[in-house]
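J.: Following this line is target34.cif, made up of mmCIF, C-alpha atoms:
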data_my_file
#
loop_
_atom_site.group_PDB
_atom_site.id
_atom_site.type_symbol
_atom_site.label_atom_id
_atom_site.label_comp_id
_atom_site.auth_asym_id
_atom_site.auth_seq_id
_atom_site.Cartn_x
_atom_site.Cartn_y
_atom_site.Cartn_z
ATOM 1 C CA MET K 113 39.005 -4.755 -104.606
ATOM 2 C CA LYS K 114 38.646 -1.637 -102.434
ATOM 3 C CA THR K 115 35.250 -2.856 -101.193
ATOM 4 C CA ALA K 116 36.729 -6.192 -100.185
ATOM 5 C CA THR K 117 39.585 -4.446 -98.357
ATOM 6 C CA ILE K 118 37.152 -2.236 -96.401
ATOM 7 C CA ILE K 119 35.003 -5.212 -95.395
ATOM 8 C CA LEU K 120 38.055 -7.181 -94.268
ATOM 9 C CA GLY K 121 39.302 -4.144 -92.337
ATOM 10 C CA LEU K 122 35.983 -3.746 -90.506
ATOM 11 C CA ALA K 123 35.921 -7.441 -89.711
ATOM 12 C CA ALA K 124 39.430 -7.225 -88.253
ATOM 13 C CA LEU K 125 38.443 -4.174 -86.174
ATOM 14 C CA ALA K 126 35.336 -5.899 -84.842
ATOM 15 C CA SER K 127 37.379 -8.919 -83.804
ATOM 16 C CA THR K 128 39.584 -6.717 -81.594
ATOM 17 C CA LEU K 129 36.694 -4.984 -79.786
ATOM 18 C CA SER K 130 35.262 -6.478 -76.630
ATOM 19 C CA PHE K 131 31.918 -5.533 -75.105
ATOM 20 C CA ARG K 132 31.016 -6.066 -71.452
ATOM 21 C CA PRO K 133 27.655 -7.797 -71.076
ATOM 22 C CA TYR K 134 24.845 -5.534 -69.857
ATOM 23 C CA HIS K 135 23.427 -6.437 -66.485
ATOM 24 C CA HIS K 136 20.068 -4.823 -65.827
ATOM 25 C CA SER K 137 20.528 -5.126 -62.084
ATOM 26 C CA GLU K 138 23.457 -2.682 -62.175
ATOM 27 C CA LEU K 139 21.151 0.170 -63.169
ATOM 28 C CA ASP K 140 18.451 -0.882 -60.723
ATOM 29 C CA THR K 141 20.730 -0.785 -57.688
ATOM 30 C CA PRO K 142 20.114 2.488 -55.827
ATOM 31 C CA PRO K 143 23.118 4.463 -54.567
ATOM 32 C CA ASP K 144 24.053 3.894 -50.951
ATOM 33 C CA SER K 145 22.218 6.242 -48.582
ATOM 34 C CA SER K 146 25.533 7.309 -47.029
ATOM 35 C CA ARG K 147 26.274 9.267 -50.219
ATOM 36 C CA PHE K 148 23.485 11.746 -49.463
ATOM 37 C CA THR K 149 23.387 14.568 -46.944
ATOM 38 C CA VAL K 150 20.050 15.946 -45.727
ATOM 39 C CA MET K 151 19.915 19.755 -45.680
ATOM 40 C CA PRO K 152 16.637 21.144 -44.253
ATOM 41 C CA LEU K 153 15.662 24.319 -46.122
ATOM 42 C CA VAL K 154 12.482 25.266 -44.241
ATOM 43 C CA GLN K 155 10.603 24.041 -41.207
ATOM 44 C CA GLY K 156 7.201 24.670 -39.681
ATOM 45 C CA LEU K 157 5.078 24.112 -42.789
ATOM 46 C CA ASP K 158 1.390 23.382 -42.155
ATOM 47 C CA GLU K 159 0.533 20.140 -43.961
ATOM 48 C CA PRO K 160 2.410 20.764 -47.239
ATOM 49 C CA MET K 161 0.735 18.881 -50.089
ATOM 50 C CA GLY K 162 2.690 19.888 -53.185
ATOM 51 C CA MET K 163 5.581 21.943 -54.535
ATOM 52 C CA ALA K 164 6.358 23.743 -57.784
ATOM 53 C CA LEU K 165 9.970 24.525 -58.677
ATOM 54 C CA LEU K 166 10.294 27.840 -60.517
ATOM 55 C CA PRO K 167 12.969 28.644 -63.150
ATOM 56 C CA ASN K 168 14.850 30.872 -60.668
ATOM 57 C CA ARG K 169 14.997 27.933 -58.210
ATOM 58 C CA ASN K 170 12.371 29.431 -55.924
ATOM 59 C CA VAL K 171 9.785 26.937 -54.687
ATOM 60 C CA VAL K 172 6.026 27.440 -54.335
ATOM 61 C CA ILE K 173 4.514 25.254 -51.611
ATOM 62 C CA ALA K 174 0.808 24.443 -51.244
ATOM 63 C CA GLU K 175 -0.475 23.830 -47.709
ATOM 64 C CA ARG K 176 -3.673 21.855 -47.224
ATOM 65 C CA LYS K 177 -5.441 24.516 -45.165
ATOM 66 C CA GLY K 178 -5.036 27.089 -47.948
ATOM 67 C CA GLY K 179 -1.648 28.657 -47.368
ATOM 68 C CA VAL K 180 0.546 29.284 -50.410
ATOM 69 C CA ARG K 181 4.188 29.740 -49.447
ATOM 70 C CA LEU K 182 7.223 30.828 -51.456
ATOM 71 C CA TYR K 183 10.728 29.695 -50.587
ATOM 72 C CA ASP K 184 13.222 32.270 -51.870
ATOM 73 C CA ALA K 185 16.307 30.264 -52.809
ATOM 74 C CA GLN K 186 18.578 33.320 -52.890
ATOM 75 C CA GLU K 187 17.467 34.877 -49.612
ATOM 76 C CA LYS K 188 16.797 31.460 -48.045
ATOM 77 C CA GLN K 189 13.540 32.760 -46.615
ATOM 78 C CA LEU K 190 9.979 31.443 -46.531
ATOM 79 C CA LYS K 191 7.183 33.882 -47.377
ATOM 80 C CA THR K 192 3.399 33.589 -47.377
ATOM 81 C CA ILE K 193 2.170 34.751 -50.788
ATOM 82 C CA ALA K 194 -1.540 33.920 -50.391
ATOM 83 C CA ASN K 195 -4.160 32.369 -48.150
ATOM 84 C CA LEU K 196 -6.957 30.760 -50.139
ATOM 85 C CA ASN K 197 -10.453 30.273 -48.758
ATOM 86 C CA VAL K 198 -10.643 26.484 -48.915
ATOM 87 C CA PHE K 199 -12.698 23.699 -47.394
ATOM 88 C CA SER K 200 -10.129 21.677 -45.460
ATOM 89 C CA GLY K 201 -12.318 19.078 -43.741
ATOM 90 C CA ILE K 202 -12.249 15.298 -44.335
ATOM 91 C CA GLU K 203 -8.884 15.268 -46.159
ATOM 92 C CA ASP K 204 -9.879 18.081 -48.532
ATOM 93 C CA GLY K 205 -8.210 21.469 -48.966
ATOM 94 C CA LEU K 206 -5.477 22.893 -51.177
ATOM 95 C CA LEU K 207 -4.070 19.691 -52.645
ATOM 96 C CA GLY K 208 -1.887 20.483 -55.660
ATOM 97 C CA VAL K 209 0.218 23.137 -57.382
ATOM 98 C CA ALA K 210 2.128 23.360 -60.676
ATOM 99 C CA ALA K 211 3.982 26.102 -62.539
ATOM 100 C CA ASP K 212 3.255 26.799 -66.198
ATOM 101 C CA PRO K 213 5.962 25.497 -68.587
ATOM 102 C CA ASP K 214 6.228 29.077 -69.879
ATOM 103 C CA PHE K 215 6.333 30.534 -66.359
ATOM 104 C CA GLU K 216 9.209 32.934 -67.114
ATOM 105 C CA ARG K 217 6.934 34.749 -69.569
ATOM 106 C CA ASN K 218 3.428 34.462 -68.063
ATOM 107 C CA HIS K 219 4.046 33.838 -64.309
ATOM 108 C CA TRP K 220 1.102 31.411 -64.130
ATOM 109 C CA LEU K 221 0.524 28.938 -61.308
ATOM 110 C CA TYR K 222 -2.153 26.240 -61.241
ATOM 111 C CA LEU K 223 -3.817 25.208 -57.974
ATOM 112 C CA TYR K 224 -6.372 22.514 -57.151
ATOM 113 C CA TYR K 225 -8.461 22.996 -54.011
ATOM 114 C CA GLY K 226 -11.799 22.419 -52.324
ATOM 115 C CA VAL K 227 -13.680 25.711 -52.536
ATOM 116 C CA GLY K 228 -14.720 27.163 -49.186
ATOM 117 C CA GLY K 229 -18.416 27.823 -48.627
ATOM 118 C CA GLU K 230 -21.702 25.971 -48.846
ATOM 119 C CA LYS K 231 -21.269 24.647 -52.379
ATOM 120 C CA TRP K 232 -19.576 21.226 -52.535
ATOM 121 C CA ILE K 233 -17.106 21.766 -55.367
ATOM 122 C CA SER K 234 -13.388 21.728 -56.085
ATOM 123 C CA HIS K 235 -11.635 24.020 -58.548
ATOM 124 C CA LEU K 236 -8.591 23.715 -60.756
ATOM 125 C CA SER K 237 -7.675 27.382 -61.123
ATOM 126 C CA ARG K 238 -4.928 29.456 -62.697
ATOM 127 C CA PHE K 239 -3.375 32.417 -60.886
ATOM 128 C CA GLU K 240 -0.650 34.920 -61.759
ATOM 129 C CA LEU K 241 2.317 35.384 -59.452
ATOM 130 C CA LYS K 242 3.168 39.092 -59.287
ATOM 131 C CA GLY K 243 6.462 39.661 -57.522
ATOM 132 C CA ASP K 244 6.213 37.774 -54.272
ATOM 133 C CA GLN K 245 2.391 37.789 -54.081
ATOM 134 C CA LEU K 246 -0.214 35.567 -55.709
ATOM 135 C CA ASP K 247 -2.733 37.817 -57.461
ATOM 136 C CA LEU K 248 -6.069 36.374 -56.300
ATOM 137 C CA ALA K 249 -7.945 38.718 -58.655
ATOM 138 C CA SER K 250 -6.262 36.990 -61.604
ATOM 139 C CA LYS K 251 -8.017 33.686 -60.828
ATOM 140 C CA LYS K 252 -9.348 31.803 -63.818
ATOM 141 C CA VAL K 253 -11.295 28.626 -63.049
ATOM 142 C CA LEU K 254 -10.332 25.961 -65.588
ATOM 143 C CA LEU K 255 -12.280 23.031 -64.181
ATOM 144 C CA GLU K 256 -15.027 22.634 -61.574
ATOM 145 C CA ILE K 257 -15.590 19.231 -59.981
ATOM 146 C CA PRO K 258 -18.667 18.506 -57.820
ATOM 147 C CA THR K 259 -17.780 16.549 -54.673
ATOM 148 C CA GLN K 260 -19.479 15.266 -51.531
ATOM 149 C CA ARG K 261 -18.521 16.543 -48.076
ATOM 150 C CA LYS K 262 -20.886 14.526 -45.946
ATOM 151 C CA TYR K 263 -18.658 11.502 -45.508
ATOM 152 C CA CYS K 264 -14.869 11.062 -45.469
ATOM 153 C CA CYS K 265 -12.469 10.364 -47.401
ATOM 154 C CA HIS K 266 -10.018 9.944 -50.325
ATOM 155 C CA SER K 267 -9.480 13.509 -51.497
ATOM 156 C CA ALA K 268 -6.553 14.025 -53.880
ATOM 157 C CA GLY K 269 -5.426 16.534 -56.477
ATOM 158 C CA TYR K 270 -1.971 16.154 -57.983
ATOM 159 C CA VAL K 271 -1.243 18.709 -60.731
ATOM 160 C CA THR K 272 1.566 18.409 -63.294
ATOM 161 C CA PHE K 273 2.520 19.234 -66.890
ATOM 162 C CA SER K 274 3.882 17.001 -69.645
ATOM 163 C CA LYS K 275 4.429 17.840 -73.315
ATOM 164 C CA GLY K 276 2.183 20.880 -73.251
ATOM 165 C CA LEU K 277 -0.704 19.195 -71.423
ATOM 166 C CA LEU K 278 -1.912 19.894 -67.898
ATOM 167 C CA TYR K 279 -2.746 16.770 -65.901
ATOM 168 C CA LEU K 280 -4.883 16.509 -62.759
ATOM 169 C CA SER K 281 -5.420 13.339 -60.741
ATOM 170 C CA THR K 282 -8.368 13.276 -58.343
ATOM 171 C CA GLY K 283 -9.369 11.030 -55.458
ATOM 172 C CA ASP K 284 -12.480 8.869 -55.549
ATOM 173 C CA ASN K 285 -14.087 10.902 -52.706
ATOM 174 C CA THR K 286 -15.509 7.638 -51.330
ATOM 175 C CA ASN K 287 -15.301 5.998 -47.913
ATOM 176 C CA ALA K 288 -13.726 2.540 -47.825
ATOM 177 C CA GLU K 289 -14.974 1.462 -44.394
ATOM 178 C CA GLU K 290 -16.273 -2.111 -44.195
ATOM 179 C CA ILE K 291 -14.822 -2.895 -47.628
ATOM 180 C CA GLU K 292 -12.132 -5.079 -45.992
ATOM 181 C CA GLY K 293 -9.953 -5.374 -49.088
ATOM 182 C CA HIS K 294 -12.791 -6.134 -51.493
ATOM 183 C CA ASN K 295 -14.020 -4.250 -54.542
ATOM 184 C CA PRO K 296 -15.227 -0.805 -53.339
ATOM 185 C CA THR K 297 -18.840 -1.230 -54.421
ATOM 186 C CA ASP K 298 -21.623 -1.084 -51.861
ATOM 187 C CA GLU K 299 -25.220 -1.184 -53.051
ATOM 188 C CA ARG K 300 -26.805 -1.521 -49.607
ATOM 189 C CA PRO K 301 -29.373 1.157 -48.723
ATOM 190 C CA GLY K 302 -27.740 4.033 -46.881
ATOM 191 C CA ARG K 303 -24.245 3.134 -48.118
ATOM 192 C CA GLU K 304 -24.309 5.198 -51.314
ATOM 193 C CA LEU K 305 -21.296 7.279 -50.276
ATOM 194 C CA SER K 306 -19.234 4.086 -49.962
ATOM 195 C CA ASP K 307 -20.056 2.965 -53.503
ATOM 196 C CA ASP K 308 -17.313 3.737 -56.023
ATOM 197 C CA GLN K 309 -19.747 3.105 -58.849
ATOM 198 C CA ALA K 310 -20.855 6.702 -58.311
ATOM 199 C CA SER K 311 -17.390 8.223 -58.757
ATOM 200 C CA THR K 312 -14.418 6.234 -60.047
ATOM 201 C CA ALA K 313 -16.502 3.788 -62.093
ATOM 202 C CA ASN K 314 -18.743 6.549 -63.440
ATOM 203 C CA SER K 315 -17.397 8.001 -66.691
ATOM 204 C CA ASN K 316 -19.664 11.043 -66.214
ATOM 205 C CA ASP K 317 -17.986 11.904 -62.903
ATOM 206 C CA LEU K 318 -14.533 13.526 -62.621
ATOM 207 C CA ARG K 319 -13.656 11.997 -59.236
ATOM 208 C CA GLY K 320 -11.167 9.140 -59.202
ATOM 209 C CA LYS K 321 -9.818 10.135 -62.596
ATOM 210 C CA ILE K 322 -6.782 11.553 -64.414
#
Before anything else, please render the file you have as C-alpha coordinates.

T.:
Amino acid sequence: MKTATIILGLAALASTLSFRPYHHSELDTPPDSSRFTVMPLVQGLDEPMGMALLPNRNVVIAERKGGVRLYDAQEKQLKTIANLNVFSGIEDGLLGVAADPDFERNHWLYLYYGVGGEKWISHLSRFELKGDQLDLASKKVLLEIPTQRKYCCHSAGYVTFSKGLLYLSTGDNTNAEEIEGHNPTDERPGRELSDDQASTANSNDLRGKI
(Lines of atoms letter the chains of each structure in order from A and count residues from 1; the text may use other names and numbers.)
(Lines give C-alpha, C1' and ligand atoms only; values in the text may rest on other atoms or scores of the structure.)
Protein backbone atom coordinates (compact mmCIF):
# COMPACT_ATOMS: atom_id res chain seq x y z
CA MET A 1 0.00 0.00 0.00
CA LYS A 2 2.85 2.39 0.86
CA THR A 3 4.59 1.55 -2.43
CA ALA A 4 1.44 2.34 -4.39
CA THR A 5 1.05 5.65 -2.54
CA ILE A 6 4.65 6.67 -3.32
CA ILE A 7 4.26 5.81 -7.01
CA LEU A 8 1.00 7.77 -7.23
CA GLY A 9 2.64 10.70 -5.44
CA LEU A 10 5.57 10.77 -7.88
CA ALA A 11 3.19 10.56 -10.81
CA ALA A 12 1.21 13.52 -9.46
CA LEU A 13 4.43 15.52 -8.94
CA ALA A 14 5.63 14.78 -12.47
CA SER A 15 2.32 15.93 -13.91
CA THR A 16 2.77 19.36 -12.29
CA LEU A 17 6.33 19.92 -13.58
CA SER A 18 6.89 21.58 -16.92
CA PHE A 19 10.16 21.50 -18.86
CA ARG A 20 11.13 24.05 -21.50
CA PRO A 21 12.32 22.38 -24.70
CA TYR A 22 16.07 22.60 -25.29
CA HIS A 23 17.08 24.58 -28.33
CA HIS A 24 20.65 23.91 -29.40
CA SER A 25 20.86 27.24 -31.18
CA GLU A 26 20.53 29.12 -27.88
CA LEU A 27 23.91 27.83 -26.71
CA ASP A 28 25.52 28.38 -30.10
CA THR A 29 24.62 32.07 -30.28
CA PRO A 30 27.69 34.11 -29.30
CA PRO A 31 27.24 37.06 -26.94
CA ASP A 32 26.91 40.44 -28.59
CA SER A 33 30.28 42.12 -29.16
CA SER A 34 29.05 45.26 -27.38
CA ARG A 35 29.27 43.36 -24.08
CA PHE A 36 33.07 43.24 -24.29
CA THR A 37 35.60 45.99 -23.66
CA VAL A 38 39.10 45.75 -25.15
CA MET A 39 41.86 46.60 -22.66
CA PRO A 40 45.37 46.58 -24.20
CA LEU A 41 47.89 45.26 -21.66
CA VAL A 42 51.11 45.56 -23.68
CA GLN A 43 52.15 46.96 -27.03
CA GLY A 44 55.23 46.79 -29.20
CA LEU A 45 55.70 43.01 -29.22
CA ASP A 46 57.86 41.63 -32.04
CA GLU A 47 55.83 38.94 -33.83
CA PRO A 48 54.33 37.19 -30.77
CA MET A 49 53.61 33.54 -31.57
CA GLY A 50 52.35 32.07 -28.30
CA MET A 51 51.52 32.77 -24.66
CA ALA A 52 51.60 30.80 -21.42
CA LEU A 53 49.48 31.94 -18.48
CA LEU A 54 51.20 31.29 -15.15
CA PRO A 55 49.40 30.51 -11.85
CA ASN A 56 50.15 34.03 -10.53
CA ARG A 57 48.48 35.51 -13.65
CA ASN A 58 51.79 36.55 -15.19
CA VAL A 59 52.07 35.79 -18.90
CA VAL A 60 55.09 34.42 -20.78
CA ILE A 61 55.14 35.51 -24.43
CA ALA A 62 57.21 33.88 -27.19
CA GLU A 63 58.36 36.13 -30.03
CA ARG A 64 59.28 34.56 -33.36
CA LYS A 65 62.76 36.08 -33.53
CA GLY A 66 63.73 34.51 -30.20
CA GLY A 67 62.60 36.97 -27.57
CA VAL A 68 60.92 35.57 -24.45
CA ARG A 69 58.92 38.23 -22.62
CA LEU A 70 57.19 38.21 -19.24
CA TYR A 71 54.15 40.36 -18.52
CA ASP A 72 53.98 41.05 -14.78
CA ALA A 73 50.27 41.25 -14.00
CA GLN A 74 50.81 42.97 -10.64
CA GLU A 75 53.31 45.58 -11.80
CA LYS A 76 51.70 45.81 -15.25
CA GLN A 77 55.13 45.77 -16.85
CA LEU A 78 56.69 43.85 -19.73
CA LYS A 79 60.15 42.36 -19.19
CA THR A 80 62.55 40.50 -21.45
CA ILE A 81 63.54 37.28 -19.66
CA ALA A 82 65.60 35.67 -22.45
CA ASN A 83 66.76 35.97 -26.03
CA LEU A 84 67.18 32.58 -27.68
CA ASN A 85 69.52 31.98 -30.60
CA VAL A 86 66.98 30.88 -33.20
CA PHE A 87 66.76 30.55 -36.96
CA SER A 88 63.96 32.95 -37.87
CA GLY A 89 64.00 32.77 -41.68
CA ILE A 90 61.20 31.43 -43.92
CA GLU A 91 58.50 31.47 -41.20
CA ASP A 92 60.68 29.63 -38.68
CA GLY A 93 61.80 30.84 -35.25
CA LEU A 94 60.47 30.59 -31.71
CA LEU A 95 56.98 29.27 -32.39
CA GLY A 96 55.43 27.93 -29.18
CA VAL A 97 55.49 28.08 -25.39
CA ALA A 98 53.68 26.25 -22.58
CA ALA A 99 53.95 26.18 -18.79
CA ASP A 100 54.21 22.88 -16.92
CA PRO A 101 50.97 21.84 -15.16
CA ASP A 102 53.02 21.69 -11.95
CA PHE A 103 54.66 25.07 -12.62
CA GLU A 104 54.20 26.35 -9.05
CA ARG A 105 56.55 23.60 -7.86
CA ASN A 106 59.07 23.15 -10.71
CA HIS A 107 58.94 26.48 -12.63
CA TRP A 108 59.32 24.68 -15.98
CA LEU A 109 58.55 26.23 -19.36
CA TYR A 110 58.53 24.39 -22.68
CA LEU A 111 59.60 26.14 -25.90
CA TYR A 112 59.65 25.00 -29.52
CA TYR A 113 62.04 26.79 -31.88
CA GLY A 114 64.27 26.50 -34.92
CA VAL A 115 67.82 26.18 -33.61
CA GLY A 116 70.21 28.87 -34.83
CA GLY A 117 73.33 27.74 -36.68
CA GLU A 118 74.27 25.56 -39.62
CA LYS A 119 72.35 22.46 -38.55
CA TRP A 120 68.77 22.35 -39.88
CA ILE A 121 66.88 21.24 -36.77
CA SER A 122 64.15 22.39 -34.41
CA HIS A 123 64.05 21.66 -30.69
CA LEU A 124 61.30 21.16 -28.15
CA SER A 125 63.16 22.13 -24.98
CA ARG A 126 62.40 22.58 -21.30
CA PHE A 127 63.75 25.54 -19.33
CA GLU A 128 63.44 26.67 -15.71
CA LEU A 129 62.17 30.14 -14.91
CA LYS A 130 64.20 31.54 -12.01
CA GLY A 131 62.67 34.74 -10.68
CA ASP A 132 62.17 36.94 -13.69
CA GLN A 133 64.85 35.29 -15.87
CA LEU A 134 64.78 32.16 -18.00
CA ASP A 135 67.74 29.99 -16.99
CA LEU A 136 69.27 29.06 -20.36
CA ALA A 137 71.73 26.71 -18.64
CA SER A 138 68.78 24.61 -17.45
CA LYS A 139 67.84 23.67 -21.03
CA LYS A 140 66.86 20.06 -21.57
CA VAL A 141 66.14 19.06 -25.17
CA LEU A 142 63.12 16.75 -25.21
CA LEU A 143 62.70 16.34 -28.96
CA GLU A 144 64.83 17.16 -32.00
CA ILE A 145 63.16 17.46 -35.40
CA PRO A 146 65.20 17.67 -38.64
CA THR A 147 63.85 20.31 -41.02
CA GLN A 148 64.74 21.88 -44.36
CA ARG A 149 65.65 25.56 -44.66
CA LYS A 150 66.30 25.78 -48.37
CA TYR A 151 62.74 26.51 -49.42
CA CYS A 152 59.83 28.25 -47.67
CA CYS A 153 57.31 27.59 -45.89
CA HIS A 154 54.75 26.17 -43.40
CA SER A 155 56.63 26.25 -40.11
CA ALA A 156 54.50 25.74 -36.99
CA GLY A 157 54.96 24.65 -33.40
CA TYR A 158 52.02 24.92 -31.03
CA VAL A 159 52.75 23.52 -27.55
CA THR A 160 50.10 22.61 -24.97
CA PHE A 161 49.31 20.20 -22.12
CA SER A 162 46.27 18.00 -21.54
CA LYS A 163 45.76 15.34 -18.88
CA GLY A 164 49.44 15.02 -18.07
CA LEU A 165 50.61 14.81 -21.69
CA LEU A 166 52.63 17.39 -23.60
CA TYR A 167 51.42 17.97 -27.16
CA LEU A 168 53.33 19.57 -30.04
CA SER A 169 51.89 20.29 -33.48
CA THR A 170 54.35 20.92 -36.31
CA GLY A 171 54.05 22.37 -39.79
CA ASP A 172 54.67 20.32 -42.92
CA ASN A 173 57.75 22.44 -43.81
CA THR A 174 56.73 22.18 -47.47
CA ASN A 175 56.12 24.80 -50.15
CA ALA A 176 52.64 24.83 -51.68
CA GLU A 177 53.42 26.90 -54.77
CA GLU A 178 51.87 25.63 -58.01
CA ILE A 179 49.64 23.22 -56.07
CA GLU A 180 46.59 25.39 -56.88
CA GLY A 181 44.27 23.73 -54.37
CA HIS A 182 45.23 20.16 -55.26
CA ASN A 183 46.78 17.42 -53.16
CA PRO A 184 50.26 18.66 -52.07
CA THR A 185 52.24 15.93 -53.80
CA ASP A 186 54.76 16.81 -56.48
CA GLU A 187 56.94 14.07 -57.93
CA ARG A 188 58.47 16.16 -60.71
CA PRO A 189 62.29 16.31 -60.73
CA GLY A 190 63.53 19.31 -58.78
CA ARG A 191 60.25 19.72 -56.88
CA GLU A 192 61.10 17.45 -53.95
CA LEU A 193 60.68 20.24 -51.40
CA SER A 194 57.09 20.75 -52.59
CA ASP A 195 56.18 17.09 -52.07
CA ASP A 196 54.33 16.44 -48.81
CA GLN A 197 55.01 12.73 -49.18
CA ALA A 198 58.39 13.49 -47.61
CA SER A 199 56.97 15.11 -44.46
CA THR A 200 53.28 14.97 -43.56
CA ALA A 201 52.61 11.68 -45.36
CA ASN A 202 55.81 10.11 -44.05
CA SER A 203 55.26 8.32 -40.73
CA ASN A 204 59.03 8.35 -40.14
CA ASP A 205 59.13 12.15 -40.26
CA LEU A 206 57.93 14.41 -37.41
CA ARG A 207 56.93 17.35 -39.63
CA GLY A 208 53.23 17.90 -40.22
CA LYS A 209 52.32 15.89 -37.15
CA ILE A 210 50.86 16.12 -33.63

J.: Which neighbours of K:Asp284 fall inside 7 Å, counting all atoms listed in the file, when residues of the same chain fewer than 5 positions from it are skipped, and could you give them as a ChimeraX atom specification?

T.: /K:266-267,311-312,319-320

J.: Since I can't run it myself right now, could you work out what the PyMOL selection byres ((chain K and resi 250) around 12) selects here and report it as a ChimeraX atom specification?

T.: /K:218-222,237-242,245-249,251-253

J.: For K:Ile257, which residue among K:Glu175, K:Asp307, K:Asp317, K:Asp184 is the nearest when counting all atoms listed in the file?

T.: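 Using all atoms listed in the file, the shortest distance to K:Ile257 belongs to K:Asp317.
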
J.: Can you list, as number ranges by chain, the residues that the PyMOL selection byres ((chain K and resi 177-179) around 9) selects here?

T.: K: 158-160, 173-176, 180-181, 192-201, 204-207, 225

J.: Please produce a file of the residues just selected, as an mmCIF file, in the frame of the given file, where the atoms kept are C-alpha atoms.

T.:
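Listed below is the output, out-v7.cif:
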data_model
loop_
_atom_site.group_PDB
_atom_site.id
_atom_site.type_symbol
_atom_site.label_atom_id
_atom_site.label_comp_id
_atom_site.auth_asym_id
_atom_site.auth_seq_id
_atom_site.Cartn_x
_atom_site.Cartn_y
_atom_site.Cartn_z
ATOM 1 C CA ASP K 158 1.390 23.382 -42.155
ATOM 2 C CA GLU K 159 0.533 20.140 -43.961
ATOM 3 C CA PRO K 160 2.410 20.764 -47.239
ATOM 4 C CA ILE K 173 4.514 25.254 -51.611
ATOM 5 C CA ALA K 174 0.808 24.443 -51.244
ATOM 6 C CA GLU K 175 -0.475 23.830 -47.709
ATOM 7 C CA ARG K 176 -3.673 21.855 -47.224
ATOM 8 C CA VAL K 180 0.546 29.284 -50.410
ATOM 9 C CA ARG K 181 4.188 29.740 -49.447
ATOM 10 C CA THR K 192 3.399 33.589 -47.377
ATOM 11 C CA ILE K 193 2.170 34.751 -50.788
ATOM 12 C CA ALA K 194 -1.540 33.920 -50.391
ATOM 13 C CA ASN K 195 -4.160 32.369 -48.150
ATOM 14 C CA LEU K 196 -6.957 30.760 -50.139
ATOM 15 C CA ASN K 197 -10.453 30.273 -48.758
ATOM 16 C CA VAL K 198 -10.643 26.484 -48.915
ATOM 17 C CA PHE K 199 -12.698 23.699 -47.394
ATOM 18 C CA SER K 200 -10.129 21.677 -45.460
ATOM 19 C CA GLY K 201 -12.318 19.078 -43.741
ATOM 20 C CA ASP K 204 -9.879 18.081 -48.532
ATOM 21 C CA GLY K 205 -8.210 21.469 -48.966
ATOM 22 C CA LEU K 206 -5.477 22.893 -51.177
ATOM 23 C CA LEU K 207 -4.070 19.691 -52.645
ATOM 24 C CA TYR K 225 -8.461 22.996 -54.011
#

J.: Once the PyMOL selection byres ((chain K and resi 296) around 6) is applied to the coordinates I shared, what remains selected? I want it as a VMD selection string.

T.: chain K and resid 295 297 308

J.: Put those residues in a file: C-alpha atoms, as a PDB file, in the coordinates of the input.

T.:
ATOM      1  CA  ASN K 295     -14.020  -4.250 -54.542  1.00  0.00           C
ATOM      2  CA  THR K 297     -18.840  -1.230 -54.421  1.00  0.00           C
ATOM      3  CA  ASP K 308     -17.313   3.737 -56.023  1.00  0.00           C
TER       4      ASP K 308
END

J.: Rounded to one decimal, what separation in Å do you get between atom CA of K:Gly162 and atom CA of K:Gly208?

T.: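 Between atom CA of K:Gly162 and atom CA of K:Gly208 the gap is 5.2 Å.
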
J.: Name the closest residue to K:Glu203 among the candidates K:Thr149, K:Leu165, K:Leu278, K:Gly226; distances are taken between atoms, counting all atoms listed in the file.

T.: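 The closest residue to K:Glu203 is K:Gly226.
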
J.: If you measure from atom CA of K:Ser315 to atom CA of K:Pro301, what distance in Å do you get, rounded to one decimal?

T.: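 These two atoms are separated by 22.7 Å.
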
J.: What does the distance between atom CA of K:Leu280 and atom CA of K:Asp214 come to in Å, to one decimal place?

T.: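 Computed distance, atom CA of K:Leu280 to atom CA of K:Asp214, equals 18.2 Å.
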
J.: Find the residues near K:Cys265: any atom within 8 Å, counting all atoms listed in the file, skip ones fewer than 6 places away on the same chain, and give them as a list in words.

T.: Ile202, Glu203, Asn285, Thr286, Asn287 and Ala288 of chain K

J.: Is it possible to get the axis-aligned box enclosing stretch 272-277 of chain K (all listed atoms, 3 Å extra per side) as lines of an AutoDock Vina configuration file, with centre and edge lengths in Å rounded to one decimal?

T.:
center_x = 1.9
center_y = 18.9
center_z = -68.3
size_x = 11.1
size_y = 9.9
size_z = 16.0

J.: Smallest atom-to-atom distance to K:Leu157: which of K:Leu190, K:Ser234, K:Lys275, K:Gly269, using all atoms listed in the file?

T.: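 Looking only at the distances to K:Leu157, the closest residue turns out to be K:Leu190.
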
J.: So, with all atoms listed in the file as the atoms that count, which of K:Ala211, K:Ala164, K:Leu236, K:Leu305 lies closest to K:Leu254?

T.: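 The answer is K:Leu236, which sits nearest to K:Leu254.
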